[in-house]
>>> print(open('input-v2.txt').read())   # compact mmCIF, C-alpha atoms
# COMPACT_ATOMS: atom_id res chain seq x y z
CA MET A 1 40.65 133.47 28.87
CA ARG A 2 37.03 132.40 29.12
CA SER A 3 34.60 133.61 26.47
CA LEU A 4 31.55 135.74 27.28
CA ASP A 5 29.30 132.84 26.29
CA GLU A 6 31.00 130.63 28.88
CA GLU A 7 30.60 133.35 31.50
CA LEU A 8 26.90 133.76 30.72
CA THR A 9 26.39 129.99 30.92
CA ASP A 10 27.93 130.03 34.40
CA LEU A 11 25.79 133.03 35.28
CA ALA A 12 22.63 131.18 34.26
CA ASP A 13 23.75 128.26 36.43
CA HIS A 14 24.23 130.66 39.35
CA TYR A 15 20.68 131.98 39.00
CA ARG A 16 19.29 128.43 38.77
CA TRP A 17 21.21 127.49 41.90
CA PHE A 18 19.99 130.61 43.69
CA ALA A 19 16.40 129.84 42.69
CA GLY A 20 16.46 126.23 43.81
CA VAL A 21 18.72 126.33 46.85
CA GLU A 22 18.67 129.82 48.35
CA ALA A 23 15.27 131.24 47.44
CA ALA A 24 12.85 128.32 47.06
CA PRO A 25 12.65 127.42 50.78
CA VAL A 26 11.93 130.98 51.94
CA SER A 27 10.78 133.20 49.03
CA PRO A 28 8.86 131.57 46.17
CA ARG A 29 8.68 134.91 44.33
CA TYR A 30 12.46 135.27 44.27
CA ALA A 31 12.81 131.62 43.25
CA GLU A 32 10.49 132.24 40.28
CA LEU A 33 12.27 135.45 39.27
CA ALA A 34 15.77 133.98 39.53
CA ALA A 35 14.72 130.99 37.43
CA ALA A 36 13.32 133.41 34.85
CA VAL A 37 16.64 135.25 34.67
CA ALA A 38 18.45 131.96 34.05
CA GLY A 39 16.32 131.41 30.96
CA ASP A 40 16.32 134.97 29.63
CA ASP A 41 19.16 135.61 27.16
CA ASP A 42 18.49 139.36 27.09
CA VAL A 43 18.70 139.75 30.87
CA LEU A 44 21.80 137.56 31.01
CA ALA A 45 23.38 139.74 28.31
CA PHE A 46 22.64 142.84 30.39
CA LEU A 47 24.28 141.23 33.42
CA GLY A 48 27.26 140.32 31.25
CA THR A 49 27.99 144.05 30.77
CA LEU A 50 28.59 144.41 34.52
CA PRO A 51 31.74 143.52 36.46
CA THR A 52 31.58 139.95 37.76
CA PRO A 53 30.96 140.88 41.43
CA LYS A 54 27.96 142.98 40.35
CA ARG A 55 26.10 140.14 38.60
CA GLN A 56 24.80 138.39 41.72
CA ALA A 57 21.12 137.58 42.12
CA ASN A 58 20.62 139.45 45.40
CA LEU A 59 21.97 142.66 43.88
CA LEU A 60 19.88 142.51 40.71
CA LEU A 61 16.64 141.65 42.48
CA GLY A 62 17.28 144.17 45.26
CA ALA A 63 17.98 146.93 42.74
CA LEU A 64 14.75 146.13 40.90
CA GLN A 65 12.81 146.40 44.16
CA TYR A 66 14.58 149.65 45.06
CA LEU A 67 13.93 151.35 41.72
CA HIS A 68 10.31 150.25 41.30
CA GLY A 69 8.96 150.03 44.85
CA GLY A 70 8.69 146.25 44.91
CA PRO A 71 9.61 143.07 43.04
CA PRO A 72 8.46 142.27 39.52
CA ARG A 73 5.25 140.24 39.36
CA ASP A 74 6.82 137.59 37.13
CA GLY A 75 9.60 136.91 34.64
CA ALA A 76 7.92 138.93 31.91
CA GLU A 77 7.78 142.06 34.07
CA LEU A 78 11.38 141.50 35.15
CA HIS A 79 12.39 141.37 31.49
CA GLU A 80 10.56 144.64 30.80
CA ARG A 81 12.10 146.41 33.77
CA VAL A 82 15.65 145.33 32.94
CA LEU A 83 15.50 146.24 29.27
CA GLY A 84 13.32 149.32 29.68
CA ASP A 85 15.27 150.84 32.59
CA ALA A 86 18.75 149.51 31.87
CA ASP A 87 20.66 152.73 32.47
CA ARG A 88 19.20 153.40 35.92
CA LEU A 89 19.48 149.72 36.84
CA ARG A 90 23.14 149.58 35.78
CA ALA A 91 23.97 152.76 37.71
CA THR A 92 22.26 151.44 40.85
CA MET A 93 23.99 148.06 40.70
CA LEU A 94 27.37 149.69 40.19
CA ALA A 95 26.87 152.16 43.03
CA ARG A 96 25.26 149.84 45.57
CA ALA A 97 26.23 146.57 47.26
CA THR A 98 24.35 143.85 49.09
CA GLN A 99 24.49 144.99 52.72
CA THR A 100 21.75 143.04 54.46
CA ASN A 101 21.51 144.35 58.01
CA GLU A 102 19.47 141.96 60.17
CA ALA A 103 18.93 143.01 63.78
CA ALA A 104 17.50 139.57 64.62
CA ARG A 105 21.04 138.17 64.51
CA CYS A 106 21.57 139.92 67.85
CA ALA A 107 19.51 137.18 69.52
CA ALA A 108 22.43 134.80 68.93
CA LEU A 109 25.07 137.38 69.84
CA LEU A 110 23.44 138.38 73.13
CA PRO A 111 24.15 135.21 75.18
CA LEU A 112 27.87 135.66 74.50
CA LEU A 113 27.94 139.43 74.94
CA ALA A 114 25.94 139.28 78.18
CA GLY A 115 28.53 136.94 79.70
CA LEU A 116 31.55 139.17 79.04
CA PRO A 117 32.96 141.45 81.75
CA GLY A 118 31.30 144.80 81.20
CA PRO A 119 30.66 147.43 80.29
CA LEU A 120 31.34 146.78 76.63
CA ALA A 121 32.66 148.74 73.68
CA LEU A 122 31.44 147.16 70.44
CA ILE A 123 33.17 147.29 67.06
CA GLU A 124 31.34 145.72 64.14
CA VAL A 125 33.27 144.72 61.04
CA GLY A 126 31.15 145.15 57.92
CA ALA A 127 28.64 147.18 59.87
CA SER A 128 26.40 148.40 57.02
CA ALA A 129 24.02 150.71 58.96
CA GLY A 130 25.19 149.28 62.30
CA LEU A 131 21.90 147.68 63.37
CA CYS A 132 23.71 144.82 65.13
CA LEU A 133 25.51 147.33 67.37
CA TYR A 134 22.39 147.83 69.52
CA PRO A 135 21.85 144.49 71.31
CA ASP A 136 21.08 146.38 74.52
CA ARG A 137 18.24 148.32 72.89
CA TYR A 138 16.15 145.32 71.83
CA GLY A 139 13.84 142.94 73.68
CA TYR A 140 14.33 139.16 73.56
CA GLU A 141 12.43 135.98 74.27
CA TYR A 142 14.24 132.63 74.26
CA HIS A 143 12.27 129.38 73.98
CA ARG A 144 13.34 125.79 74.50
CA ASP A 145 11.32 122.69 73.67
CA ASP A 146 11.36 121.71 77.34
CA ASP A 147 10.55 125.20 78.69
CA ASP A 148 6.96 126.39 78.48
CA GLY A 149 7.58 129.89 79.79
CA GLY A 150 10.75 130.86 77.99
CA VAL A 151 13.22 133.53 79.11
CA ARG A 152 12.57 137.22 78.56
CA VAL A 153 15.36 139.77 78.69
CA GLY A 154 15.91 143.33 77.56
CA SER A 155 13.43 146.13 77.02
CA ALA A 156 9.79 145.07 76.88
CA SER A 157 8.94 148.46 75.37
CA SER A 158 11.49 148.33 72.55
CA PRO A 159 9.93 148.42 69.06
CA VAL A 160 12.32 145.58 68.19
CA GLN A 161 11.27 142.34 69.88
CA LEU A 162 13.25 139.23 68.95
CA SER A 163 12.12 135.65 69.47
CA CYS A 164 14.66 132.82 69.41
CA GLU A 165 14.29 129.02 69.55
CA VAL A 166 17.08 127.26 71.44
CA THR A 167 18.33 123.68 71.49
CA GLY A 168 21.25 122.21 73.44
CA ARG A 169 22.90 123.49 76.57
CA GLY A 170 24.36 126.99 76.41
CA PRO A 171 24.50 130.30 78.27
CA VAL A 172 21.21 131.99 79.10
CA PRO A 173 21.45 135.80 79.33
CA ALA A 174 20.13 137.26 82.57
CA ALA A 175 20.19 140.84 81.26
CA VAL A 176 21.45 142.87 78.35
CA PRO A 177 24.99 144.24 78.72
CA ARG A 178 25.81 147.90 79.26
CA VAL A 179 27.31 149.25 76.05
CA VAL A 180 29.32 152.46 76.35
CA ARG A 181 30.66 152.81 72.80
CA ARG A 182 29.52 151.62 69.38
CA ALA A 183 31.71 151.76 66.31
CA GLY A 184 32.05 150.00 63.00
CA ILE A 185 33.91 149.67 59.72
CA ASP A 186 32.40 149.33 56.26
CA LEU A 187 33.55 149.94 52.70
CA ASN A 188 30.27 151.79 52.14
CA PRO A 189 28.61 152.78 55.43
CA LEU A 190 24.87 153.37 55.35
CA ASP A 191 23.17 156.05 57.41
CA PRO A 192 20.11 154.81 59.35
CA ALA A 193 18.86 158.41 59.43
CA ASP A 194 18.94 158.69 55.61
CA PRO A 195 15.60 157.60 54.08
CA ASP A 196 17.32 156.59 50.83
CA ASP A 197 19.81 154.31 52.61
CA VAL A 198 16.99 152.75 54.63
CA ALA A 199 15.01 152.26 51.41
CA TRP A 200 17.98 150.36 49.95
CA LEU A 201 18.16 148.11 53.02
CA GLN A 202 14.42 147.49 52.77
CA ALA A 203 14.82 146.56 49.10
CA LEU A 204 17.31 143.85 50.09
CA VAL A 205 14.62 142.08 52.14
CA TRP A 206 13.14 139.27 50.07
CA PRO A 207 9.44 139.17 49.16
CA GLY A 208 7.32 137.37 51.72
CA MET A 209 9.46 138.53 54.65
CA ASP A 210 7.35 141.45 55.86
CA ALA A 211 8.33 140.91 59.50
CA ARG A 212 11.99 141.38 58.59
CA ARG A 213 11.20 144.62 56.76
CA ASP A 214 9.22 145.99 59.72
CA ARG A 215 11.99 145.01 62.13
CA LEU A 216 14.61 146.72 59.96
CA THR A 217 12.61 149.94 59.92
CA ALA A 218 12.24 149.91 63.72
CA ALA A 219 15.92 149.09 64.31
CA ALA A 220 17.02 151.84 61.92
CA ALA A 221 14.96 154.36 63.91
CA ILE A 222 16.78 153.31 67.10
CA ALA A 223 20.17 153.62 65.40
CA ALA A 224 19.26 157.03 63.96
CA ARG A 225 18.50 158.38 67.44
CA GLU A 226 21.83 157.16 68.83
CA PRO A 227 24.29 157.12 65.92
CA ALA A 228 27.25 154.77 66.03
CA SER A 229 30.62 155.90 64.71
CA ILE A 230 31.07 153.91 61.49
CA VAL A 231 34.21 154.65 59.50
CA ARG A 232 34.58 154.09 55.79
CA GLY A 233 37.50 151.88 54.85
CA ASP A 234 39.18 148.50 54.78
CA LEU A 235 38.78 146.41 57.94
CA LEU A 236 42.44 145.41 58.09
CA ALA A 237 43.58 149.02 57.88
CA GLU A 238 40.99 150.56 60.20
CA LEU A 239 40.50 147.99 62.96
CA PRO A 240 43.67 148.62 65.02
CA GLY A 241 42.96 152.35 65.22
CA LEU A 242 39.35 151.81 66.26
CA VAL A 243 40.41 149.40 69.00
CA ALA A 244 42.99 151.89 70.28
CA ALA A 245 40.35 154.65 70.38
CA MET A 246 37.95 152.74 72.62
CA PRO A 247 37.48 153.98 76.20
CA ALA A 248 39.98 152.79 78.78
CA ASP A 249 39.08 150.03 81.22
CA CYS A 250 36.37 148.22 79.28
CA THR A 251 35.93 145.02 77.33
CA VAL A 252 36.31 145.73 73.64
CA VAL A 253 34.39 143.28 71.45
CA VAL A 254 35.01 142.87 67.73
CA LEU A 255 31.97 141.25 66.14
CA HIS A 256 30.79 140.42 62.65
CA THR A 257 28.04 138.42 61.01
CA ALA A 258 27.74 137.34 57.36
CA VAL A 259 30.64 139.57 56.30
CA LEU A 260 33.89 137.65 55.83
CA ALA A 261 32.53 135.48 53.00
CA TYR A 262 33.03 138.52 50.76
CA LEU A 263 36.78 138.65 51.49
CA PRO A 264 39.41 136.71 49.53
CA ALA A 265 41.06 133.86 51.42
CA ALA A 266 44.27 135.80 52.08
CA ALA A 267 42.36 138.74 53.59
CA LYS A 268 40.36 136.40 55.84
CA GLU A 269 43.56 134.81 57.10
CA ALA A 270 45.07 138.23 57.70
CA PHE A 271 41.97 139.30 59.64
CA VAL A 272 42.07 136.22 61.89
CA GLU A 273 45.73 136.88 62.63
CA LEU A 274 45.06 140.57 63.27
CA VAL A 275 42.11 140.14 65.62
CA GLY A 276 43.96 137.40 67.50
CA GLY A 277 46.72 139.86 68.36
CA LEU A 278 44.48 142.71 69.55
CA PRO A 279 43.29 143.25 73.16
CA VAL A 280 39.70 142.33 72.29
CA ARG A 281 37.13 139.56 72.51
CA TRP A 282 36.10 138.23 69.13
CA VAL A 283 32.53 137.15 68.34
CA SER A 284 32.01 135.76 64.85
CA GLN A 285 28.82 134.56 63.17
CA GLU A 286 29.59 133.40 59.65
CA GLY A 287 28.86 130.60 57.23
CA VAL A 288 30.32 127.29 58.37
CA GLY A 289 33.06 127.21 55.75
CA VAL A 290 33.99 130.89 55.87
CA LEU A 291 36.58 130.56 58.64
CA PRO A 292 38.30 127.18 58.14
CA ALA A 293 40.34 127.46 61.35
CA VAL A 294 37.12 127.87 63.35
CA ALA A 295 35.29 125.07 61.54
CA ALA A 296 38.27 122.77 62.15
CA ARG A 297 37.53 122.96 65.89
CA LEU A 298 34.00 121.55 65.49
CA PRO A 299 33.45 118.26 67.35
CA GLU A 300 32.37 116.65 64.07
CA ALA A 301 32.35 117.67 60.44
CA PRO A 302 29.26 119.66 59.41
CA ALA A 303 26.75 118.08 57.07
CA ALA A 304 27.32 118.63 53.36
CA GLY A 305 25.57 121.79 52.22
CA GLU A 306 25.18 123.09 55.80
CA ARG A 307 23.38 126.45 55.46
CA ARG A 308 23.39 127.58 59.09
CA PHE A 309 25.90 130.05 60.50
CA LEU A 310 28.57 129.12 62.99
CA LEU A 311 28.72 131.26 66.15
CA ALA A 312 32.13 131.41 67.83
CA LEU A 313 33.87 133.23 70.66
CA ASP A 314 37.60 133.87 70.25
CA GLY A 315 37.68 131.25 67.52
CA GLU A 316 35.92 128.54 69.57
CA PRO A 317 32.73 127.34 67.81
CA LEU A 318 29.82 127.33 70.25
CA ALA A 319 26.59 127.08 68.22
CA TYR A 320 24.92 126.82 64.88
CA THR A 321 22.55 129.74 64.24
CA ASP A 322 19.95 130.69 61.66
CA PRO A 323 21.33 133.11 59.01
CA HIS A 324 18.53 135.61 59.64
CA GLY A 325 18.24 135.07 63.38
CA GLY A 326 15.64 133.23 65.40
CA ARG A 327 17.42 130.00 66.29
CA ILE A 328 20.45 128.82 68.28
CA ASP A 329 21.59 125.18 68.33
CA TRP A 330 24.26 125.05 71.04
CA LEU A 331 27.27 122.76 70.60
CA PRO A 332 28.74 120.75 73.50
CA ALA A 333 31.51 123.35 74.02
CA ALA A 334 28.87 125.88 75.11
CA ALA A 335 27.92 123.78 78.14
CA ALA A 336 30.89 125.14 80.11
CA LEU A 337 29.55 128.67 79.70
CA ALA A 338 26.11 127.50 80.82
CA ARG A 339 27.59 125.91 83.95
CA ALA A 340 29.30 129.20 84.73
CA GLY A 341 26.00 131.02 84.43
CA GLY A 342 27.15 132.59 81.16
CA ARG A 343 29.93 134.56 82.82
CA GLN A 344 33.15 134.47 80.83
CA ALA A 345 36.52 135.29 82.27
CA PRO A 346 38.71 137.91 80.61
CA SER A 347 41.16 136.56 78.07
CA ARG A 348 43.86 137.82 75.72
CA GLY A 349 44.29 140.96 77.81
CA SER A 350 40.92 142.21 76.70
CA SER A 351 39.08 143.15 79.88
CA ARG A 352 39.28 146.82 80.69
CA ALA A 353 36.24 147.10 83.09
CA CYS A 354 34.96 150.43 81.75
CA GLU A 355 33.90 153.65 83.22
CA GLY A 356 31.18 154.82 81.16
>>> encode(input="input-v2.txt", output="structure tokens")
Amino acid sequence: MRSLDEELTDLADHYRWFAGVEAAPVSPRYAELAAAVAGDDDVLAFLGTLPTPKRQANLLLGALQYLHGGPPRDGAELHERVLGDADRLRATMLARATQTNEAARCAALLPLLAGLPGPLALIEVGASAGLCLYPDRYGYEYHRDDDDGGVRVGSASSPVQLSCEVTGRGPVPAAVPRVVRRAGIDLNPLDPADPDDVAWLQALVWPGMDARRDRLTAAAAIAAREPASIVRGDLLAELPGLVAAMPADCTVVVLHTAVLAYLPAAAKEAFVELVGGLPVRWVSQEGVGVLPAVAARLPEAPAAGERRFLLALDGEPLAYTDPHGGRIDWLPAAAALARAGGRQAPSRGSSRACEG
């Protein structure tokens, strides 16, 4: 059994890694704060009192934002907040989980969803507040290096407008799909109509990303007006029942983004087997190494330390995408969809051509 000192040494290494690799390129404030945690024995000792899954940097820094209305100014203020408000901080970190809900990821999902036989019934695994279940309620603009005008699709009046840079040859959506049912599964569903749940989601947005925070607020307002049915529970237990409850004669799509990394390997394998046997289309957007069977179908091995997501349809990798939305780098396999004008034939018995 490892000693607590060994665990805290590893924890300090985690915060140094988070500071230098995850935070430094996009949020200097979080990079500074995470580095401060790595060198603060008192804060590390506080984290050592929590279960291992609750020690992660995103959770600590998000909880500090949530409780105090913003991030600490520096390492000294972080130290004061942790030691001076330890009971509330511990309770928040035990009760909450990192559930980043980024509507901008829909810009990568849309080209695949728009090409499926519709209307669609969407089921999101790890839905959080379900903000990725509303791809038809957002506006989009796709830009290529060789295209001055870009492609606009969706509602020009939507408060959520998504811009996406595109490289490679892949499907170009002509319109948003018609969605007749929205459902999801989450261990701890969040309510977009609950100001406290929205405040938690806002606290998970890193400092310096004001556009993401504004977009989250606007997307939550859309979801609150048209609530999705999100059930609390385990995805393996709940998914078959949700699929069976979808309207007859429509294409049921199971989608997820940045979720399966939190599952143990055996559960991920069980999920892949489960979704492969259901009458659905499967759209995944996860870290490159999260689904080994999908990554194995890449035309070439990804670069070491690849930080982009891998977008796939029915297990076929089609593009690299930015983790927070805004970029699609199509792979050669996506060219076939582009040649077909984005239209994708039914497969796996999934098309049900819905009445809505």
>>> closest_residue(input="input-v2.txt", among="A:Glu6, A:Asp87, A:Glu32, A:Glu102", to="Asp74 in chain A", atoms="all atoms listed in the file")
A:Glu32
>>> closest_residue(input="input-v2.txt", among="A:Ala266, A:Leu239, A:Gly208, A:Ile123", to="Ala24 in chain A", atoms="all atoms listed in the file")
A:Gly208
>>> atom_distance(input="input-v2.txt", atom1="CA of Pro171 in chain A", atom2="CA of Ala295 in chain A")
20.6 Å
>>> closest_residue(input="input-v2.txt", among="A:Glu7, A:Glu306, A:Asp314, A:Asp186", to="Thr49 in chain A", atoms="all atoms listed in the file")
A:Glu7
>>> residues_around(input="input-v2.txt", residues="Gln285 in chain A", least_positions_apart="4", cutoff="10 Å", atoms="only C-alpha atoms", output="list in words")
Arg105, Ala108, Leu109, Leu255, His256, Thr257, Ala258, Val259, Leu260, Val290, Leu291, Arg308, Phe309, Leu310, Leu311, Ala312, Leu313, Pro317, Ala319, Tyr320, Thr321, Asp322 and Pro323 of chain A
>>> atom_distance(input="input-v2.txt", atom1="CA of Val82 in chain A", atom2="CA of Leu94 in chain A")
14.5 Å
>>> atom_distance(input="input-v2.txt", atom1="CA of Val151 in chain A", atom2="CA of Gly325 in chain A")
16.6 Å
>>> closest_residue(input="input-v2.txt", among="A:Arg29, A:Arg339, A:Arg55, A:Arg182", to="Gly70 in chain A", atoms="all atoms listed in the file")
A:Arg29
>>> decode(input="input-v2.txt", residues="range 172-183 of chain A", atoms="all heavy atoms", output="CSV table (one decimal), in the first residue's frame")
chain,number,residue,atom,x,y,z
A,172,VAL,N,-20.3,18.9,-45.7
A,172,VAL,CA,-20.7,20.3,-45.4
A,172,VAL,C,-22.2,20.3,-45.2
A,172,VAL,O,-23.0,20.0,-46.1
A,172,VAL,CB,-20.4,21.3,-46.5
A,172,VAL,CG1,-20.8,22.7,-46.2
A,172,VAL,CG2,-18.9,21.2,-46.8
A,173,PRO,N,-22.7,20.7,-44.0
A,173,PRO,CA,-24.2,20.7,-43.7
A,173,PRO,C,-24.9,21.7,-44.5
A,173,PRO,O,-24.4,22.9,-44.6
A,173,PRO,CB,-24.3,20.9,-42.2
A,173,PRO,CG,-23.0,21.7,-41.9
A,173,PRO,CD,-21.9,21.1,-42.8
A,174,ALA,N,-26.0,21.3,-45.1
A,174,ALA,CA,-26.8,22.3,-45.9
A,174,ALA,C,-27.9,22.9,-45.0
A,174,ALA,O,-28.4,24.0,-45.3
A,174,ALA,CB,-27.5,21.6,-47.1
A,175,ALA,N,-28.2,22.2,-43.9
A,175,ALA,CA,-29.2,22.7,-43.0
A,175,ALA,C,-29.1,22.0,-41.7
A,175,ALA,O,-28.4,20.9,-41.6
A,175,ALA,CB,-30.6,22.5,-43.6
A,176,VAL,N,-29.7,22.5,-40.6
A,176,VAL,CA,-29.7,21.7,-39.4
A,176,VAL,C,-30.8,20.6,-39.5
A,176,VAL,O,-31.8,20.8,-40.2
A,176,VAL,CB,-30.0,22.6,-38.2
A,176,VAL,CG1,-28.9,23.7,-38.0
A,176,VAL,CG2,-31.4,23.3,-38.3
A,177,PRO,N,-30.6,19.5,-38.8
A,177,PRO,CA,-31.6,18.4,-38.8
A,177,PRO,C,-32.8,18.8,-38.0
A,177,PRO,O,-32.8,19.7,-37.2
A,177,PRO,CB,-30.9,17.2,-38.2
A,177,PRO,CG,-29.9,17.9,-37.2
A,177,PRO,CD,-29.5,19.2,-37.9
A,178,ARG,N,-33.9,18.1,-38.3
A,178,ARG,CA,-35.1,18.2,-37.5
A,178,ARG,C,-35.0,17.2,-36.3
A,178,ARG,O,-34.9,16.0,-36.6
A,178,ARG,CB,-36.4,17.9,-38.3
A,178,ARG,CG,-37.7,18.2,-37.5
A,178,ARG,CD,-38.9,18.4,-38.4
A,178,ARG,NE,-39.3,17.2,-39.1
A,178,ARG,CZ,-40.2,16.4,-38.6
A,178,ARG,NH1,-40.9,16.6,-37.4
A,178,ARG,NH2,-40.6,15.3,-39.3
A,179,VAL,N,-35.0,17.7,-35.1
A,179,VAL,CA,-34.9,16.8,-33.9
A,179,VAL,C,-36.3,16.7,-33.3
A,179,VAL,O,-36.9,17.7,-32.9
A,179,VAL,CB,-33.9,17.4,-33.0
A,179,VAL,CG1,-33.8,16.5,-31.7
A,179,VAL,CG2,-32.5,17.5,-33.7
A,180,VAL,N,-36.8,15.5,-33.1
A,180,VAL,CA,-38.1,15.3,-32.5
A,180,VAL,C,-38.1,14.8,-31.1
A,180,VAL,O,-39.1,14.9,-30.4
A,180,VAL,CB,-38.9,14.3,-33.4
A,180,VAL,CG1,-39.2,14.9,-34.7
A,180,VAL,CG2,-38.3,13.0,-33.4
A,181,ARG,N,-36.9,14.4,-30.6
A,181,ARG,CA,-36.8,14.0,-29.2
A,181,ARG,C,-35.4,14.2,-28.7
A,181,ARG,O,-34.5,13.9,-29.4
A,181,ARG,CB,-37.2,12.5,-29.1
A,181,ARG,CG,-37.4,12.0,-27.6
A,181,ARG,CD,-38.5,12.6,-26.9
A,181,ARG,NE,-39.8,12.3,-27.5
A,181,ARG,CZ,-40.5,11.2,-27.3
A,181,ARG,NH1,-40.1,10.3,-26.5
A,181,ARG,NH2,-41.7,11.1,-27.9
A,182,ARG,N,-35.3,14.6,-27.5
A,182,ARG,CA,-34.0,14.8,-26.9
A,182,ARG,C,-34.0,14.1,-25.5
A,182,ARG,O,-34.8,14.4,-24.7
A,182,ARG,CB,-33.7,16.3,-26.7
A,182,ARG,CG,-33.9,17.2,-27.9
A,182,ARG,CD,-33.8,18.7,-27.6
A,182,ARG,NE,-34.6,19.4,-28.5
A,182,ARG,CZ,-34.1,19.9,-29.7
A,182,ARG,NH1,-32.9,19.6,-30.0
A,182,ARG,NH2,-34.9,20.6,-30.5
A,183,ALA,N,-33.0,13.3,-25.3
A,183,ALA,CA,-32.9,12.6,-24.0
A,183,ALA,C,-31.4,12.4,-23.7
A,183,ALA,O,-30.5,12.5,-24.5
A,183,ALA,CB,-33.6,11.2,-24.1
